[in-house]
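First the structure, in the form of structure tokens, and then the observations on it.
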Amino acid sequence: GKLELRGPEDGAQLIGEEVVFVCDLADTDSHTGTVSQPYTITWTFTPHNMDAVSTIMTATHQGQQQFMTLTPDPVKYRDTGGPHLRVYDLLLSDAGLYRCQSNLTGETASAQLYVVGYPVCHNNKPDVYYNENISLDCTVQYGGSRHPTVRWRFGELVMNSTTESQDNATVLHERLILEASESIRGRIYHCQVYYPGFRTVECLALPAIQVYSHAKVVALHVFPVTRDNQFRRGSALLIKCIGTGYPVPTYSWNFTPAGSDVTQKLTTLGNTVNIKDFSEEHVGVYECVVTNEIVVKLGDKARPGAETKVETFRDTRSTNITITDELSAEPEVNRLENAAYVVRSEQRGPGPTVADTRMKFSPYAIGAVTSAGLAVLLIVIIVLMSMRMRKRENRMREKIARAHDENLDDQEVELLDESTQPNTEYLPTEYSRLKMSWEIPRKDVRLLEQIGQGAFVEVWKGRMRRSPGSTEVMRVIIKKLQGEASDKERHFFSAELEVMKMLPAHANVIRLVGSYTANEPWLMMMELANEGTLQQFLQRHRPGHQTVLIGRGDKPSVSMSKRQSLTSQKLLALAAQVASGLDHLEKFKLIYYRLRSCKILVAKGGICKLSGFGFPNEMADRNQYETNSLPVRWAAPESLHNGVFNTKTDTWSYGIVVWEILHFGTTPYPTMGPHEVTESVHTGFRMPKPQHCSSELYELLLRCWHTIPEERPSYQEILEVLSHLVINAEVHIDFSSLPDHLLSLDTGDTHAAF
């Protein structure tokens with residue numbers, strides 16, 4: 001029959017990986033294509049930019065698809081059970097032309113191999129001034145007759161950059177030059193390297209770009225919101241100032257009493273003023289002052305070693321607080337603990353969000369109050385008495401809390417006692433000075449109690465000073481990098497820290513307080529979430545936990561019914577908070593790391609806080625690194641089978657989290673083992689509709705669990721659906737139809753928060 005040599009195709013691979021070249025002799029007239037007579041396939045290699053040709057393997061066909069292979073370097077070159085060539089542990093010197101030849105036909109077939117290394121990104125000047133040039137460099141090694149394509153990107157935006165080839169065409173430099181402006185503050189650019197048909201590899205230019213900007217007050221709020229900032233005697237109120245700028249500005253407060261021209265400087269530190277028992281002495285104008293210092297270059301800014309000076313920038317905003325005895329001074333918003341559960345739609349976007357919103361009084365309610373007469377007056381009296389009792393209870397709690405804070409334990413005293421601290425090098429007197437804006441001196445941080453542990457981090461409760469030299473201490477959560485962490489794990493820790501630095505604040509995303517990376521061990525300080533994880537929060541508020549028996553000795557127990565704090569509306573609002581946080585992450589091209597209820601934190605008042613996120617390539621790399629611990633019950637099919645992690649896989653996991661919310665922290669797929677879950681989901685199984693869940697809500701879950709990722713809803717769509725469902729929340733989550741197991745005290749499995 002007619003013989004035909006079918007040879008290899010061009011390919012590209014990473015340094016250290018392996019590649020397979022396919023070559024075979026076929027009988028085109030045979031039904032099976034098998035050649036019956038003996039033949040030999042010879043492989044040769046010609047390195048790039050060299051003329052020397054070397055034989056690297058011969059494969060002799062001995063019939064019955066049996067081959068005998070010979071190679072001068074069996075460690076480098078091996079067969080694959082046939083005439084095909086496998087090249088191991090690739091180096092740049094392995095790039096070149098690979099040719100196979102048949103002794104029967106004399107034909108040859110060849111393919112080019114391109115070898116490329118992982119790119120290295122550099123951001124040598126992360127802190128810049130307005131209008132200065134920023135230079136980001138990406139360097140990659142390669143071998144072969146063609147260089148790879150290298151480009152800088154920010155999200156989906158491809159940037160204009162310049163390419164330079166150096167070192168005998170084996171190193172490629174890609175440079176991106178930007179002009180510093182407000183729009184690029186906090187950005188992290190990534191460099192992509194690829195050959196056509198070859199998977200893309202990339203690196204991040206860390207740390208994030210920071211552009212120095214003047215301190216500015218962007219908002220000044222008074223809570224609770226009342227008409228014309230009028231408050232009754234004895235009220236508790238909070239004045240909150242929000243400032244921007246880089247370095248992060250410091251806050252101070254001035255107070256001018258009513259009827260006086262003398263301005264007093266308040267001793268309050270931070271961006272809030274708390275007034276516990278409002279009276280005439282608190283009436284007046286409160287002024288928030290934000291300040292930062294920027295080192296400004298003199299003369300030619302581009303000239304190295306140019307003279308500099310420190311300039312101070314200051315901005316202010318004030319508000320007038322008055323006193324009244326009228327009922328109109330009652331707060332127009334819900335208390336904080338209830339406001340966290342209100343779902344509303346904002347005018348600035350199509351989707352709803354979760355926020356502490358104003359209570360809106362219906363015109364029908366006003367009419368009813370007017371026409372009710374004496375009955376309404378009686379109700380008002382009862383309500384006022386209830387509010388006074390609650391206020392008295394809150395004062396007692398605050399008094400107890402103050403007593404606790406005033407009696408510092410030994411560890412707090414040690415933290416504040418400078419004589420107990422080791423000698424340290426000179427440190428700036430303000431955390432906000434220039435590059436130290438996030439870096440906290442180690443002597444100002446204290447680890448107190450370990451509460452969790454991950455693959456390479458320990459999670460601690462701790463305390464730190466509110467500001468340098470201050471005697472005020474704040475409670476924080478501290479992530480501590482373990483001393484035996486590998487370079488890969490250090491990279492994961494550093495990448496997470498840099499992402500948190502650049503991410504703008506959001507009510508449903510955990511806030512970074514500071515970091516310590518000057519020496520080992522590295523620390524990451526975050527705001528404290530008092531309620532623990534969402535799973536723990538849900539389990540504590542199960543309906544079965546609402547009855548408490550109190551007894552002593554042989555005396556009969558007394559049954560006390562606690563108020564059920566999680567209503568149908570609040571469960572939907574918890575789901576909306578998680579979606580709102582994920583929507584915020586998506587805007588910055590970030591995804592979550594293994595989203596599930598035990599990875600979501602809950603702060604005071606039931607505020608959900610997302611923690612543990614990053615760019616998709618980093619999260620995919622981390623998931624592959626920790627592949628043995630992948631939580632299969634929350635993972636999308638493409639994550640389980642193809643190692644894909646993106647926004648759409650997060651949407652799948654979000655649907656599982658909503659199922660957990662509906663079941664008060666119960667483990668998903670409760671009757672299945674992990675292997676059974678993997679197989680069932682792959683074949684199309686989905687958890688059935690809960691008996692206390694409406695068809696509309698279950699339809700949302702099924703959309704999140706759609707087999708085709710592109711068909712899964714966006715977070716804005718999810719928020720729109722939830723804002724519609726919350727109007728009749730009791731219809732969509734029917735507490736009277738709760739299954740029996742949700743009325744028990746069994747809390748199920750628990751998981752680490754990090």
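Scheme for the structure tokens: letters A, B, ... for chains in order shown; per-chain residue numbers from 1; ligand numbers from 1 in order shown.
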Need the shell around Gln141 of chain A: protein/DNA/RNA residues with any atom at most 6 Å away, counting only C-alpha atoms. Skip same-chain ones fewer than 6 positions apart. Format as a PDB file with N, CA and C atoms, in the first residue's frame?
```pdb
ATOM      1  N   VAL A 116       9.676  28.973  26.813  1.00  0.00           N
ATOM      2  CA  VAL A 116       9.518  30.280  27.441  1.00  0.00           C
ATOM      3  C   VAL A 116       9.504  30.112  28.962  1.00  0.00           C
ATOM      4  N   GLY A 117      10.044  31.091  29.663  1.00  0.00           N
ATOM      5  CA  GLY A 117      10.040  31.076  31.122  1.00  0.00           C
ATOM      6  C   GLY A 117       8.885  31.884  31.676  1.00  0.00           C
ATOM      7  N   THR A 170      17.221  36.246  23.546  1.00  0.00           N
ATOM      8  CA  THR A 170      16.739  35.241  24.496  1.00  0.00           C
ATOM      9  C   THR A 170      15.988  35.868  25.666  1.00  0.00           C
ATOM     10  N   VAL A 171      16.012  37.192  25.763  1.00  0.00           N
ATOM     11  CA  VAL A 171      15.293  37.895  26.828  1.00  0.00           C
ATOM     12  C   VAL A 171      14.462  39.010  26.203  1.00  0.00           C
TER      13      VAL A 171
END
```
(message) For Ile718 of chain A, find every residue with an atom within 8 Å (counting only C-alpha atoms), except residues of its own chain fewer than 4 positions away, and show them as a PyMOL selection string.
(response) chain A and resi 576+579+700+713-714+722
Save out the residues we just selected, C-alpha atoms, as an mmCIF file, in the first residue's frame.
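Heads up, here's the output in out_0.cif:
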```cif
data_model
loop_
_atom_site.group_PDB
_atom_site.id
_atom_site.type_symbol
_atom_site.label_atom_id
_atom_site.label_comp_id
_atom_site.auth_asym_id
_atom_site.auth_seq_id
_atom_site.Cartn_x
_atom_site.Cartn_y
_atom_site.Cartn_z
ATOM 1 C CA ALA A 576 -28.130 40.241 49.470
ATOM 2 C CA ALA A 579 -24.057 39.339 46.681
ATOM 3 C CA LEU A 700 -32.699 31.772 41.543
ATOM 4 C CA PRO A 713 -26.889 35.402 36.630
ATOM 5 C CA SER A 714 -24.734 38.406 37.388
ATOM 6 C CA LEU A 722 -33.729 39.599 46.029
#
```
(message) I want to know what sits within 12 Å of segment 308-320 of chain A, based on only C-alpha atoms, with residues of the same chain fewer than 6 positions away left out; could you give that as number ranges by chain?
(response) A: 212-222, 227-231, 239-258, 282-301, 433-434
Could the residues in this selection be written to a file with C-alpha atoms, as an mmCIF file, in the first residue's frame?
```cif
data_model
loop_
_atom_site.group_PDB
_atom_site.id
_atom_site.type_symbol
_atom_site.label_atom_id
_atom_site.label_comp_id
_atom_site.auth_asym_id
_atom_site.auth_seq_id
_atom_site.Cartn_x
_atom_site.Cartn_y
_atom_site.Cartn_z
ATOM 1 C CA TYR A 212 -0.023 61.065 46.377
ATOM 2 C CA SER A 213 -3.108 63.242 46.787
ATOM 3 C CA HIS A 214 -4.177 66.014 49.124
ATOM 4 C CA ALA A 215 -6.336 65.209 52.133
ATOM 5 C CA LYS A 216 -10.002 65.926 51.477
ATOM 6 C CA VAL A 217 -13.245 65.511 53.428
ATOM 7 C CA VAL A 218 -15.777 63.753 51.205
ATOM 8 C CA ALA A 219 -18.606 63.263 53.719
ATOM 9 C CA LEU A 220 -19.684 64.203 57.240
ATOM 10 C CA HIS A 221 -22.601 62.199 58.678
ATOM 11 C CA VAL A 222 -24.579 62.379 61.913
ATOM 12 C CA ARG A 227 -34.576 66.600 61.082
ATOM 13 C CA ASP A 228 -32.053 69.487 61.013
ATOM 14 C CA ASN A 229 -29.666 67.546 63.295
ATOM 15 C CA GLN A 230 -31.922 68.154 66.300
ATOM 16 C CA PHE A 231 -31.581 65.728 69.217
ATOM 17 C CA ILE A 239 -20.668 61.996 64.115
ATOM 18 C CA LYS A 240 -18.644 60.305 61.387
ATOM 19 C CA CYS A 241 -16.165 61.974 59.019
ATOM 20 C CA ILE A 242 -14.950 60.313 55.827
ATOM 21 C CA GLY A 243 -11.742 61.598 54.263
ATOM 22 C CA THR A 244 -9.588 60.595 51.316
ATOM 23 C CA GLY A 245 -6.008 61.204 50.323
ATOM 24 C CA TYR A 246 -2.639 59.517 50.121
ATOM 25 C CA PRO A 247 -0.824 59.161 52.446
ATOM 26 C CA VAL A 248 -3.932 58.223 54.420
ATOM 27 C CA PRO A 249 -4.995 61.381 56.279
ATOM 28 C CA THR A 250 -5.192 61.796 60.048
ATOM 29 C CA TYR A 251 -8.324 63.154 61.732
ATOM 30 C CA SER A 252 -8.837 65.821 64.385
ATOM 31 C CA TRP A 253 -11.948 67.583 65.665
ATOM 32 C CA ASN A 254 -12.818 71.123 66.727
ATOM 33 C CA PHE A 255 -15.928 72.161 68.664
ATOM 34 C CA THR A 256 -17.453 75.632 68.931
ATOM 35 C CA PRO A 257 -20.225 75.751 71.573
ATOM 36 C CA ALA A 258 -23.449 77.520 70.665
ATOM 37 C CA HIS A 282 -22.901 69.380 73.464
ATOM 38 C CA VAL A 283 -24.838 71.894 71.326
ATOM 39 C CA GLY A 284 -22.702 73.679 68.739
ATOM 40 C CA VAL A 285 -20.628 73.304 65.606
ATOM 41 C CA TYR A 286 -18.421 70.239 65.138
ATOM 42 C CA GLU A 287 -15.617 70.582 62.620
ATOM 43 C CA CYS A 288 -13.762 67.605 61.132
ATOM 44 C CA VAL A 289 -10.169 68.296 60.041
ATOM 45 C CA VAL A 290 -8.274 65.865 57.796
ATOM 46 C CA THR A 291 -4.538 66.330 57.315
ATOM 47 C CA ASN A 292 -1.740 64.602 55.448
ATOM 48 C CA GLU A 293 1.870 65.366 54.598
ATOM 49 C CA ILE A 294 3.393 64.917 51.161
ATOM 50 C CA VAL A 295 7.049 65.156 50.215
ATOM 51 C CA VAL A 296 7.179 67.558 47.255
ATOM 52 C CA LYS A 297 10.137 67.761 44.880
ATOM 53 C CA LEU A 298 11.574 71.179 44.089
ATOM 54 C CA GLY A 299 12.895 72.276 40.732
ATOM 55 C CA ASP A 300 13.329 69.584 38.076
ATOM 56 C CA LYS A 301 11.131 66.724 39.371
ATOM 57 C CA ARG A 433 3.719 59.071 56.605
ATOM 58 C CA LEU A 434 4.539 58.243 52.995
#
```
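In terms of minimum interatomic distance to Arg146 of chain A, A:Gln112 ranks closest within A:Gln112, A:Thr40, A:Asn123, A:Ser653, counting only C-alpha atoms.
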(message) Nearest residue to Leu585 of chain A out of A:Thr60, A:Gln192, A:Thr42, A:Ser611, using only C-alpha atoms?
(response) A:Ser611
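Interatomic distance, atom CA of Pro521 of chain A to atom CA of Met502 of chain A: 22.3 Å.
One finds atom CA of Tyr593 of chain A at 20.1 Å from atom CA of Glu710 of chain A.
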(message) List the spatial neighbours of Val53 of chain A as a VMD selection string - criterion: any atom at most 7 Å away, only C-alpha atoms, same-chain residues fewer than 6 positions off excluded.
(response) chain A and resid 44 to 46
(message) Please compute the atom CA of Asp650 of chain A-atom CA of Leu595 of chain A distance, one decimal, in Å.
(response) 6.7 Å
(request) Considering only C-alpha atoms, return as number ranges by chain whatever protein or nucleic-acid residues lie within 9 Å of Leu640 of chain A, sequence-local ones (same chain, fewer than 6 positions apart) excluded. (result) A: 630, 632, 678, 682
(request) If you run DSSP over the backbone, which residues in segment 141-295 of chain A end up strand (DSSP E)? Put them as a PyMOL selection string. (result) chain A and resi 141-143+149-154+157-158+162-166+171-179+190-194+201-204+210-211+213-223+230-231+237-246+250-257+264-265+272-275+284-295
(request) Select, from A:Val120, A:Ile56, A:Val115, A:Leu610, the residue with the minimum atom-to-atom distance to Cys100 of chain A, counting only C-alpha atoms. (result) A:Ile56
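For the choices A:Asp29, A:Val677, A:Gln101, A:Gly665, the atom-to-atom distance to Met57 of chain A is smallest for A:Gln101 when using only C-alpha atoms.
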(message) I want to know what sits within 7 Å of segment 12-21 of chain A, based on only C-alpha atoms, with residues of the same chain fewer than 2 positions away left out; could you give that as a ChimeraX atom specification?
(response) /A:8,23,84-92,113-117,195,198
